[in-house]
Every structure is written in structure tokens, then in C-alpha cells.
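Participant: Quick one, entry.cif (mmCIF, C-alpha atoms; chains and numbers go by the auth columns):
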data_structure
loop_
_atom_site.group_PDB
_atom_site.id
_atom_site.type_symbol
_atom_site.label_atom_id
_atom_site.label_comp_id
_atom_site.label_asym_id
_atom_site.label_seq_id
_atom_site.Cartn_x
_atom_site.Cartn_y
_atom_site.Cartn_z
_atom_site.B_iso_or_equiv
_atom_site.auth_seq_id
_atom_site.auth_asym_id
ATOM 1 C CA MET A 1 -6.589 10.326 22.454 0.00 1 A
ATOM 2 C CA ALA A 2 -7.354 8.358 19.279 0.00 2 A
ATOM 3 C CA LYS A 3 -5.349 10.913 17.328 0.00 3 A
ATOM 4 C CA LYS A 4 -2.297 10.233 19.507 0.00 4 A
ATOM 5 C CA LYS A 5 -2.690 6.482 19.025 0.00 5 A
ATOM 6 C CA LEU A 6 -2.855 6.823 15.218 0.00 6 A
ATOM 7 C CA ALA A 7 0.157 9.115 15.207 0.00 7 A
ATOM 8 C CA GLY A 8 2.145 6.263 16.728 0.00 8 A
ATOM 9 C CA THR A 9 2.229 4.095 13.598 0.00 9 A
ATOM 10 C CA ALA A 10 5.538 3.551 11.850 0.00 10 A
ATOM 11 C CA ALA A 11 3.987 4.920 8.641 0.00 11 A
ATOM 12 C CA VAL A 12 2.959 8.189 10.274 0.00 12 A
ATOM 13 C CA ARG A 13 6.400 8.565 11.867 0.00 13 A
ATOM 14 C CA VAL A 14 8.060 8.140 8.455 0.00 14 A
ATOM 15 C CA LEU A 15 5.708 10.637 6.806 0.00 15 A
ATOM 16 C CA LYS A 16 6.185 13.209 9.579 0.00 16 A
ATOM 17 C CA ALA A 17 9.983 12.773 9.527 0.00 17 A
ATOM 18 C CA ALA A 18 9.923 13.383 5.743 0.00 18 A
ATOM 19 C CA GLY A 19 7.853 16.546 6.242 0.00 19 A
ATOM 20 C CA VAL A 20 4.958 15.161 4.204 0.00 20 A
ATOM 21 C CA ASP A 21 1.586 16.885 4.318 0.00 21 A
ATOM 22 C CA PHE A 22 -1.176 14.318 4.733 0.00 22 A
ATOM 23 C CA ILE A 23 -4.726 14.123 6.026 0.00 23 A
ATOM 24 C CA PRO A 24 -5.553 11.194 8.346 0.00 24 A
ATOM 25 C CA HIS A 25 -8.876 9.389 7.858 0.00 25 A
ATOM 26 C CA THR A 26 -10.372 6.697 10.055 0.00 26 A
ATOM 27 C CA TYR A 27 -13.236 4.353 9.269 0.00 27 A
ATOM 28 C CA LYS A 28 -14.763 1.221 10.731 0.00 28 A
ATOM 29 C CA TYR A 29 -12.620 -1.671 9.483 0.00 29 A
ATOM 30 C CA GLU A 30 -14.411 -4.775 8.191 0.00 30 A
ATOM 31 C CA ALA A 31 -12.490 -8.034 7.778 0.00 31 A
ATOM 32 C CA ARG A 32 -12.279 -8.986 4.099 0.00 32 A
ATOM 33 C CA GLY A 33 -14.003 -5.711 3.171 0.00 33 A
ATOM 34 C CA GLY A 34 -11.011 -4.346 1.318 0.00 34 A
ATOM 35 C CA THR A 35 -10.936 -1.029 -0.451 0.00 35 A
ATOM 36 C CA ALA A 36 -14.668 -1.178 -1.218 0.00 36 A
ATOM 37 C CA VAL A 37 -15.407 -0.637 2.480 0.00 37 A
ATOM 38 C CA SER A 38 -12.868 2.142 3.007 0.00 38 A
ATOM 39 C CA SER A 39 -13.860 4.009 -0.161 0.00 39 A
ATOM 40 C CA ARG A 40 -17.544 3.812 0.748 0.00 40 A
ATOM 41 C CA ALA A 41 -16.895 4.906 4.341 0.00 41 A
ATOM 42 C CA LEU A 42 -14.812 7.895 3.223 0.00 42 A
ATOM 43 C CA GLY A 43 -17.067 8.747 0.291 0.00 43 A
ATOM 44 C CA VAL A 44 -14.286 8.518 -2.304 0.00 44 A
ATOM 45 C CA ASP A 45 -13.825 6.652 -5.572 0.00 45 A
ATOM 46 C CA GLU A 46 -12.345 3.194 -4.952 0.00 46 A
ATOM 47 C CA HIS A 47 -9.811 3.898 -7.733 0.00 47 A
ATOM 48 C CA THR A 48 -8.182 6.540 -5.469 0.00 48 A
ATOM 49 C CA VAL A 49 -7.749 4.073 -2.595 0.00 49 A
ATOM 50 C CA ILE A 50 -4.390 2.388 -3.050 0.00 50 A
ATOM 51 C CA LYS A 51 -3.853 -1.086 -1.655 0.00 51 A
ATOM 52 C CA THR A 52 -0.474 -2.227 -0.380 0.00 52 A
ATOM 53 C CA LEU A 53 0.176 -5.849 -1.321 0.00 53 A
ATOM 54 C CA VAL A 54 3.082 -7.907 -0.001 0.00 54 A
ATOM 55 C CA MET A 55 4.080 -10.505 -2.554 0.00 55 A
ATOM 56 C CA GLU A 56 7.015 -12.804 -3.164 0.00 56 A
ATOM 57 C CA THR A 57 8.881 -14.302 -6.071 0.00 57 A
ATOM 58 C CA ALA A 58 9.074 -18.063 -6.624 0.00 58 A
ATOM 59 C CA ALA A 59 12.467 -17.860 -4.853 0.00 59 A
ATOM 60 C CA GLY A 60 10.757 -16.362 -1.773 0.00 60 A
ATOM 61 C CA ASP A 61 12.076 -12.804 -2.206 0.00 61 A
ATOM 62 C CA PRO A 62 9.490 -10.352 -0.813 0.00 62 A
ATOM 63 C CA LEU A 63 8.285 -7.225 -2.596 0.00 63 A
ATOM 64 C CA VAL A 64 5.513 -4.661 -2.295 0.00 64 A
ATOM 65 C CA VAL A 65 3.011 -3.751 -4.999 0.00 65 A
ATOM 66 C CA LEU A 66 0.831 -0.635 -4.832 0.00 66 A
ATOM 67 C CA MET A 67 -2.363 -0.942 -6.861 0.00 67 A
ATOM 68 C CA HIS A 68 -5.656 0.905 -7.310 0.00 68 A
ATOM 69 C CA GLY A 69 -8.344 -0.489 -5.057 0.00 69 A
ATOM 70 C CA ASP A 70 -10.605 -1.367 -7.973 0.00 70 A
ATOM 71 C CA ALA A 71 -7.873 -3.164 -9.959 0.00 71 A
ATOM 72 C CA GLN A 72 -5.952 -6.410 -9.717 0.00 72 A
ATOM 73 C CA VAL A 73 -2.251 -7.130 -10.158 0.00 73 A
ATOM 74 C CA SER A 74 -1.273 -9.256 -13.122 0.00 74 A
ATOM 75 C CA THR A 75 1.281 -11.463 -11.381 0.00 75 A
ATOM 76 C CA LYS A 76 2.340 -12.821 -14.788 0.00 76 A
ATOM 77 C CA SER A 77 3.122 -9.302 -16.044 0.00 77 A
ATOM 78 C CA LEU A 78 4.946 -8.488 -12.825 0.00 78 A
ATOM 79 C CA ALA A 79 7.000 -11.700 -12.980 0.00 79 A
ATOM 80 C CA ARG A 80 7.883 -10.962 -16.611 0.00 80 A
ATOM 81 C CA HIS A 81 8.916 -7.412 -15.652 0.00 81 A
ATOM 82 C CA LEU A 82 11.099 -8.743 -12.826 0.00 82 A
ATOM 83 C CA GLY A 83 12.559 -11.532 -14.953 0.00 83 A
ATOM 84 C CA VAL A 84 11.469 -14.233 -12.505 0.00 84 A
ATOM 85 C CA LYS A 85 9.501 -17.424 -12.925 0.00 85 A
ATOM 86 C CA ALA A 86 6.506 -16.375 -10.808 0.00 86 A
ATOM 87 C CA VAL A 87 5.169 -13.844 -8.302 0.00 87 A
ATOM 88 C CA SER A 88 2.379 -14.561 -5.835 0.00 88 A
ATOM 89 C CA PRO A 89 0.782 -12.978 -2.764 0.00 89 A
ATOM 90 C CA CYS A 90 2.478 -13.845 0.521 0.00 90 A
ATOM 91 C CA ASP A 91 0.749 -15.906 3.147 0.00 91 A
ATOM 92 C CA PRO A 92 -0.669 -13.355 5.645 0.00 92 A
ATOM 93 C CA HIS A 93 1.714 -14.485 8.427 0.00 93 A
ATOM 94 C CA VAL A 94 4.704 -14.184 6.108 0.00 94 A
ATOM 95 C CA ALA A 95 3.506 -10.768 4.892 0.00 95 A
ATOM 96 C CA GLN A 96 3.219 -9.589 8.501 0.00 96 A
ATOM 97 C CA ARG A 97 6.711 -10.855 9.295 0.00 97 A
ATOM 98 C CA HIS A 98 8.177 -8.964 6.322 0.00 98 A
ATOM 99 C CA SER A 99 6.193 -5.733 6.702 0.00 99 A
ATOM 100 C CA GLY A 100 5.711 -5.475 10.453 0.00 100 A
ATOM 101 C CA TYR A 101 2.050 -4.673 9.830 0.00 101 A
ATOM 102 C CA THR A 102 -1.107 -6.711 10.356 0.00 102 A
ATOM 103 C CA VAL A 103 -2.752 -7.659 7.051 0.00 103 A
ATOM 104 C CA GLY A 104 -5.456 -5.062 6.398 0.00 104 A
ATOM 105 C CA GLY A 105 -3.254 -2.404 7.975 0.00 105 A
ATOM 106 C CA THR A 106 -0.172 -2.640 5.758 0.00 106 A
ATOM 107 C CA SER A 107 1.416 0.623 4.677 0.00 107 A
ATOM 108 C CA PRO A 108 4.337 0.994 2.261 0.00 108 A
ATOM 109 C CA PHE A 109 5.809 3.533 4.696 0.00 109 A
ATOM 110 C CA GLY A 110 7.769 2.274 7.700 0.00 110 A
ATOM 111 C CA LEU A 111 8.146 -1.336 6.594 0.00 111 A
ATOM 112 C CA ARG A 112 10.024 -3.570 9.030 0.00 112 A
ATOM 113 C CA LYS A 113 12.099 -5.121 6.243 0.00 113 A
ATOM 114 C CA GLU A 114 13.450 -3.200 3.276 0.00 114 A
ATOM 115 C CA MET A 115 11.694 -4.477 0.162 0.00 115 A
ATOM 116 C CA PRO A 116 11.452 -3.220 -3.406 0.00 116 A
ATOM 117 C CA VAL A 117 8.244 -1.254 -4.022 0.00 117 A
ATOM 118 C CA TYR A 118 6.478 -1.404 -7.382 0.00 118 A
ATOM 119 C CA ALA A 119 3.586 0.983 -8.022 0.00 119 A
ATOM 120 C CA GLN A 120 1.055 0.920 -10.828 0.00 120 A
ATOM 121 C CA ARG A 121 2.083 3.750 -13.159 0.00 121 A
ATOM 122 C CA THR A 122 -1.425 5.272 -13.366 0.00 122 A
ATOM 123 C CA ILE A 123 -1.303 6.097 -9.631 0.00 123 A
ATOM 124 C CA GLU A 124 1.341 8.732 -10.326 0.00 124 A
ATOM 125 C CA ALA A 125 -1.069 10.796 -12.478 0.00 125 A
ATOM 126 C CA MET A 126 -3.731 11.104 -9.780 0.00 126 A
ATOM 127 C CA GLU A 127 -4.314 14.319 -7.853 0.00 127 A
ATOM 128 C CA ARG A 128 -4.762 12.691 -4.418 0.00 128 A
ATOM 129 C CA ILE A 129 -4.646 9.119 -3.137 0.00 129 A
ATOM 130 C CA PHE A 130 -5.737 7.357 0.029 0.00 130 A
ATOM 131 C CA ILE A 131 -3.266 4.764 1.314 0.00 131 A
ATOM 132 C CA ASN A 132 -2.977 2.768 4.504 0.00 132 A
ATOM 133 C CA GLY A 133 -1.488 4.652 7.437 0.00 133 A
ATOM 134 C CA GLY A 134 -0.244 1.555 9.250 0.00 134 A
ATOM 135 C CA ARG A 135 -3.334 0.343 11.059 0.00 135 A
ATOM 136 C CA ARG A 136 -6.627 -1.289 10.113 0.00 136 A
ATOM 137 C CA GLY A 137 -9.284 1.376 9.617 0.00 137 A
ATOM 138 C CA PHE A 138 -6.752 4.167 9.032 0.00 138 A
ATOM 139 C CA LEU A 139 -5.871 5.735 5.692 0.00 139 A
ATOM 140 C CA VAL A 140 -3.800 8.819 4.919 0.00 140 A
ATOM 141 C CA GLU A 141 -4.705 11.143 2.078 0.00 141 A
ATOM 142 C CA LEU A 142 -1.735 12.573 0.234 0.00 142 A
ATOM 143 C CA SER A 143 -0.248 13.410 -3.135 0.00 143 A
ATOM 144 C CA PRO A 144 0.930 10.357 -5.094 0.00 144 A
ATOM 145 C CA HIS A 145 4.228 12.177 -5.648 0.00 145 A
ATOM 146 C CA VAL A 146 5.008 11.398 -2.004 0.00 146 A
ATOM 147 C CA LEU A 147 5.457 7.754 -3.026 0.00 147 A
ATOM 148 C CA GLY A 148 8.431 8.619 -5.219 0.00 148 A
ATOM 149 C CA ALA A 149 9.787 11.200 -2.792 0.00 149 A
ATOM 150 C CA VAL A 150 9.721 9.035 0.344 0.00 150 A
ATOM 151 C CA LEU A 151 10.026 5.516 -1.095 0.00 151 A
ATOM 152 C CA GLU A 152 12.228 4.045 -3.788 0.00 152 A
ATOM 153 C CA VAL A 153 9.342 3.260 -6.111 0.00 153 A
ATOM 154 C CA GLU A 154 9.558 1.658 -9.503 0.00 154 A
ATOM 155 C CA TRP A 155 6.559 2.641 -11.627 0.00 155 A
ATOM 156 C CA VAL A 156 5.184 -0.333 -13.574 0.00 156 A
ATOM 157 C CA ASP A 157 2.198 -1.320 -15.713 0.00 157 A
ATOM 158 C CA VAL A 158 0.908 -4.511 -14.097 0.00 158 A
ATOM 159 C CA ALA A 159 -2.838 -3.912 -13.713 0.00 159 A
ATOM 160 C CA THR A 160 -5.089 -6.549 -15.256 0.00 160 A
ATOM 161 C CA GLY A 161 -7.542 -5.586 -17.929 0.00 161 A
#
Rewrite the structure from the file as C-alpha cells, please.
Facilitator:
Amino acid sequence: MAKKKLAGTAAVRVLKAAGVDFIPHTYKYEARGGTAVSSRALGVDEHTVIKTLVMETAAGDPLVVLMHGDAQVSTKSLARHLGVKAVSPCDPHVAQRHSGYTVGGTSPFGLRKEMPVYAQRTIEAMERIFINGGRRGFLVELSPHVLGAVLEVEWVDVATG
């Protein structure tokens, strides 16, 4: 029964409709635990867990950034890349309104509102990644090439450090 419930997410519907091979993984979600919790629960390197961040420009235009779980987004580098004054994370309620997902369960697949998606370039070189499947405590394991095949992704270098 849990399998049926997970299959009902917008992200899973998009992946299935695109014919994408993926492996679903569930874990016990912890508020504010982030990718450290999911990577530990699944026994994988936190670098392979990709977080989906809903951000906005100073003008209020929403966008999605995909970043390694153990890295941070340089909002200054991203703003410079976009040619805007500033980029910052969305308020959780605003992020939910744009994405259609509860914060902690945001997937780049099946977003409510069409938004540009920017992904850290080093993700593309990985063999497998774990990314949110559209619900808290639910990740899907897949090839990072799926990101470019299913989403209109722009590969960028915006990790700090």
C-alpha cells in the first residue's frame, strides 16, 4: 500500500511518463535533518544526494537550483550568472506555492509552476544520484542524465568553496 501512495507523487508520474528507470527509497524524515539524515539512512555519500532548492531573484522571479547535499549554493555567483542583482532562498510558503511540494519534499520533477532549473555542473559527472521523489522521506535513485533528458536544465558552477 505504501508503494501505491509513493507512486502517486507528481514527480513519480513525470518520471514514469518519460520512461525513466529509477529506484525508489524511503527513509524516516526528520525536520531540519536535510541530506545528512537521508544519506545516513540510505547508507550513501551525502555528495550523491541532490537537494532541490526553490529560490527567487530580487525581482521575485522563482527558479530551482539542484545542488549536492554536502555543498552550498553561492547566491552571488548564481546572481552574477543570471545577470540579476541578487538571488535568495524563497520563504517556505512561497516555495510551496511555486513548486506544489511541501518543503523537505520538493522534487524538480512535476513542479506546479514552470521555473528555470539550474544544476551544479559536477552532478552531471556522477554515476547515480538520489533526488527527492515528491514527498518527505522519499528519494529516487537515478542517472543524473535524466535531469537533462526530462527537465530543461542549465548546468552551472555555483557551489561555494
Participant: Selected by the PyMOL selection byres ((chain A and resi 57-62) around 7) in the shown coordinates: which residues, as a list in words?
Facilitator: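 Here the PyMOL selection byres ((chain A and resi 57-62) around 7) matches Val54, Met55, Glu56, Leu63, Val84, Lys85, Ala86, Val87, Ser88 and Met115 of chain A.
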Participant: Just the number, please: distance in Å from atom CA of A:His47 to atom CA of A:Lys28, one decimal.
Facilitator: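 Distance reported for this atom pair: 19.3 Å.
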Participant: I'd like the residues picked by the PyMOL selection byres ((chain A and resi 137) around 6) written out as a PyMOL selection string, using the chain letters and numbers from the file.
Facilitator: chain A and resi 26-29+136+138
Participant: Please report the interatomic distance between atom CA of A:Asp157 and atom CA of A:Ala125 in Å with one decimal.
Facilitator: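 Going from atom CA of A:Asp157 over to atom CA of A:Ala125 covers 13.0 Å.
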Participant: For the atom pair atom CA of A:Ala149 and atom CA of A:Leu15, what is the interatomic distance in Å to one decimal place?
Facilitator: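 Taking atom CA of A:Ala149 as the start and atom CA of A:Leu15 as the end point, the length is 10.4 Å.
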Participant: Quick check on the file I pasted: which residues fall under the PyMOL selection byres ((chain A and resi 20) around 10)? Write them as a VMD selection string.
Facilitator: chain A and resid 12 14 to 19 21 to 23 142 to 143 146 149 to 150
Participant: Determine the nearest neighbour of A:Gln72 from the options A:Ile50, A:Met126, A:Val117, A:Ala11, counting only C-alpha atoms.
Facilitator: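 Using only C-alpha atoms, A:Gln72 sits closest to A:Ile50.
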Participant: Set the distance at 12 Å and use all atoms listed in the file: which residues neighbour A:Arg97 once local chain neighbours fewer than 3 positions away are removed? I'd like the list as an mmCIF file with C-alpha atoms, in the coordinates of the input.
Facilitator:
data_model
loop_
_atom_site.group_PDB
_atom_site.id
_atom_site.type_symbol
_atom_site.label_atom_id
_atom_site.label_comp_id
_atom_site.auth_asym_id
_atom_site.auth_seq_id
_atom_site.Cartn_x
_atom_site.Cartn_y
_atom_site.Cartn_z
ATOM 1 C CA VAL A 54 3.082 -7.907 -0.001
ATOM 2 C CA PRO A 62 9.490 -10.352 -0.813
ATOM 3 C CA CYS A 90 2.478 -13.845 0.521
ATOM 4 C CA ASP A 91 0.749 -15.906 3.147
ATOM 5 C CA PRO A 92 -0.669 -13.355 5.645
ATOM 6 C CA HIS A 93 1.714 -14.485 8.427
ATOM 7 C CA VAL A 94 4.704 -14.184 6.108
ATOM 8 C CA GLY A 100 5.711 -5.475 10.453
ATOM 9 C CA TYR A 101 2.050 -4.673 9.830
ATOM 10 C CA THR A 102 -1.107 -6.711 10.356
ATOM 11 C CA VAL A 103 -2.752 -7.659 7.051
ATOM 12 C CA THR A 106 -0.172 -2.640 5.758
ATOM 13 C CA LEU A 111 8.146 -1.336 6.594
ATOM 14 C CA ARG A 112 10.024 -3.570 9.030
ATOM 15 C CA LYS A 113 12.099 -5.121 6.243
ATOM 16 C CA GLU A 114 13.450 -3.200 3.276
#
Participant: Pick the closest to A:Pro144 from A:Ala79, A:Ala41, A:Val49, A:Val156: which is it, counting only C-alpha atoms?
Facilitator: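 Looking at the shortest contact to A:Pro144, the residue is A:Val49.
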Participant: Mind checking which residues fall within 10 Å of A:Asp45, counting all atoms listed in the file, ignoring those fewer than 4 positions away in the same chain, and posting them as a list in words?
Facilitator: Thr35, Ala36, Ser38, Ser39, Arg40, Val49, Gly69, Asp70, Ile129 and Phe130 of chain A
Participant: Determine the axis-aligned bounding box of all atoms of stretch 88-95 of chain A present in the file, pad each side by 6 Å, and express its centre and edge lengths in Å to one decimal place as lines of an AutoDock Vina configuration file.
Facilitator:
center_x = 2.0
center_y = -13.3
center_z = 1.3
size_x = 17.4
size_y = 17.1
size_z = 26.3
Participant: With distances taken over all atoms listed in the file, which residue among A:Arg128, A:Glu154, A:Gly134, A:Ser107 lies nearest A:Val44?
Facilitator: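 Going through A:Arg128, A:Glu154, A:Gly134, A:Ser107 one by one, the smallest distance to A:Val44 is for A:Arg128.
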Participant: Of the residues A:Pro116, A:Gly133, A:Gly110, A:Gly105, which is the one nearest to A:Ala10, using all atoms listed in the file?
Facilitator: A:Gly110
